[in-house]
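Everything below concerns the one structure shown next.
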Amino acid sequence: MNKKLLKIYNRLYDAFGPQGWWPGDTPFEVAVGAILTQNTNWQNVERAIKNLRDARCLSPMTIFKISHNELAELIRPSGYFNVKALRLKNFVDFLVHQYRGSLMNMQHEDADVLRAKLLQVKGIGKETADSILLYALNKRVFVIDAYTKRILSRHGIISEDASYDECQELFHSHLSRDLQLYNEYHALIVRVGKEFCRKRPKCKDCPLGRDKGGAYE
DNA sequence: GACCAGGCACATC
DNA sequence: GATGTGCATGGT
């Protein structure tokens, strides 16, 4: 199993090279992106982040202070702007009250403790929490998303209905706990997912080869 | 016009 | 625990 996961990684890395994730100038911007990208195309998230930057609202305290409506308007292009405005507010409330408004103050804490705390914030689920832990806080936590499950199940490594935690445990126990490996691997999965694993996959040219049994639609 | 995108909370069974 | 639904924009 170890070998399979590594083999997939090597094939993806050979095909696509380093992905340079996560796009973002600061840990806070990374965290904001993680919330805004929920069920949303990254291009739309970039527009929203640009709006925040242009309005000088890309810091914990500014988002803490502005009104819900102002915030929602700025992030409108990322979709679900009302729920996401709430979620960003919840996150900065958490940050301000527990960490004096800075992700830096989270750095020294244990990943499991941080994860549990993040999951208490309404609007932050497992994938978002893990993205923040890995890409904003450099914690060795593997991020699972829809593509990961789709690819692994189509290649017969997990069952179709495997849970998030099961899937994550697979990576944690069968790969060396290497920050850079986790970082790159997830990014590569998203890359190959976007290009080859959508509903009408062009798996002919996929670097991972065809899925087991040609079961794509 | 339909379908999809780097989810999550909440209601219901 | 599993399943269904609302949330909303912009690209293909």
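Naming works like this for the structure tokens: A, B, ... for the chains as they're shown, residue 1 at the start of each chain, ligands 1 onward in shown order.
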
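Using only C-alpha atoms (C1' of nucleotides), the protein and nucleic acid residues lying no more than 12 Å from DA11 (chain B), apart from those fewer than 3 places from it along its own chain, are DT3, DG4, DT5 and DG6 of chain C.
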
Just write the chosen residues, C-alpha atoms (C1' of nucleotides), as a PDB file, in the first residue's frame.
```pdb
ATOM      1  C1'  DT C   3     -29.096  10.944   3.342  1.00  0.00           C
ATOM      2  C1'  DG C   4     -31.130  15.286   1.506  1.00  0.00           C
ATOM      3  C1'  DT C   5     -31.149  20.309   1.128  1.00  0.00           C
ATOM      4  C1'  DG C   6     -29.808  25.293   1.016  1.00  0.00           C
TER       5       DG C   6
END
```

Query - All alpha helix (DSSP H) positions in region 6-47 of chain A, as a ChimeraX atom specification - result: /A:6-16,27-36,42-47

Report task. Give me the residues within 12 Å of DA8 (chain C) as a list in words, counting only C-alpha atoms (C1' of nucleotides) and dropping any in the same chain fewer than 2 places off. Result -> Gln38, Asn39, Thr40, Asn44, Ala72, Ile75, Arg76, Pro77, Ser78, Gly79, Tyr80, Phe81, Asn82, Val83 and Lys84 of chain A; DA5 of chain B; DG6 and DG10 of chain C

Let's have the selection written as a PDB file, in the first residue's frame, with C-alpha atoms (C1' of nucleotides).
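Result file is out.pdb:
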```
ATOM      1  CA  GLN A  38     -15.391  25.688  -0.223  1.00  0.00           C
ATOM      2  CA  ASN A  39     -17.267  24.083  -3.112  1.00  0.00           C
ATOM      3  CA  THR A  40     -16.029  26.859  -5.356  1.00  0.00           C
ATOM      4  CA  ASN A  44     -13.695  32.979  -8.225  1.00  0.00           C
ATOM      5  CA  ALA A  72     -20.369  39.787   1.890  1.00  0.00           C
ATOM      6  CA  ILE A  75     -16.435  38.300  -1.351  1.00  0.00           C
ATOM      7  CA  ARG A  76     -19.478  38.066  -3.628  1.00  0.00           C
ATOM      8  CA  PRO A  77     -17.562  36.555  -6.588  1.00  0.00           C
ATOM      9  CA  SER A  78     -16.651  33.471  -4.541  1.00  0.00           C
ATOM     10  CA  GLY A  79     -20.298  32.462  -4.280  1.00  0.00           C
ATOM     11  CA  TYR A  80     -22.306  31.600  -1.122  1.00  0.00           C
ATOM     12  CA  PHE A  81     -21.252  35.066  -0.027  1.00  0.00           C
ATOM     13  CA  ASN A  82     -23.643  35.302   2.908  1.00  0.00           C
ATOM     14  CA  VAL A  83     -22.622  32.010   4.498  1.00  0.00           C
ATOM     15  CA  LYS A  84     -18.970  32.637   3.753  1.00  0.00           C
TER      16      LYS A  84
ATOM     17  C1'  DA B   5     -16.288  23.773  -8.656  1.00  0.00           C
TER      18       DA B   5
ATOM     19  C1'  DG C   6     -29.808  25.293   1.016  1.00  0.00           C
ATOM     20  C1'  DG C  10     -18.689  32.410 -12.955  1.00  0.00           C
TER      21       DG C  10
END
```

Report task. Just the residues within 12 Å of DA2 (chain C), please, counting only C-alpha atoms (C1' of nucleotides), with nothing from its chain fewer than 5 positions along; format it as a ChimeraX atom specification. Result -> /A:161,163 /B:12-13

Report task. Select residues of chain B: the criterion is any atom within 9 Å of an atom of chain A, counting only C-alpha atoms (C1' of nucleotides); output as a PyMOL selection string. Result -> chain B and resi 4-9

Requested in this report: Go ahead and compute the interatomic distance for CA of Arg154 (chain A) and CA of Asn10 (chain A), in Å to one decimal.
Outcome: 18.1 Å

Requested in this report: Compile the contact shell of Phe91 (chain A) as an MDAnalysis selection string: residues with an atom at most 12 Å away, counting only C-alpha atoms (C1' of nucleotides), same-chain residues fewer than 3 positions apart removed.
Outcome: chainID A and resid 28 31:32 34:36 59:61 63:64 84:88 94:99 101:103 117:125 128:129 132

Report task. Tell me, in Å to one decimal, how far CA of Gly156 (chain A) is from CA of Tyr182 (chain A). Result -> 21.1 Å
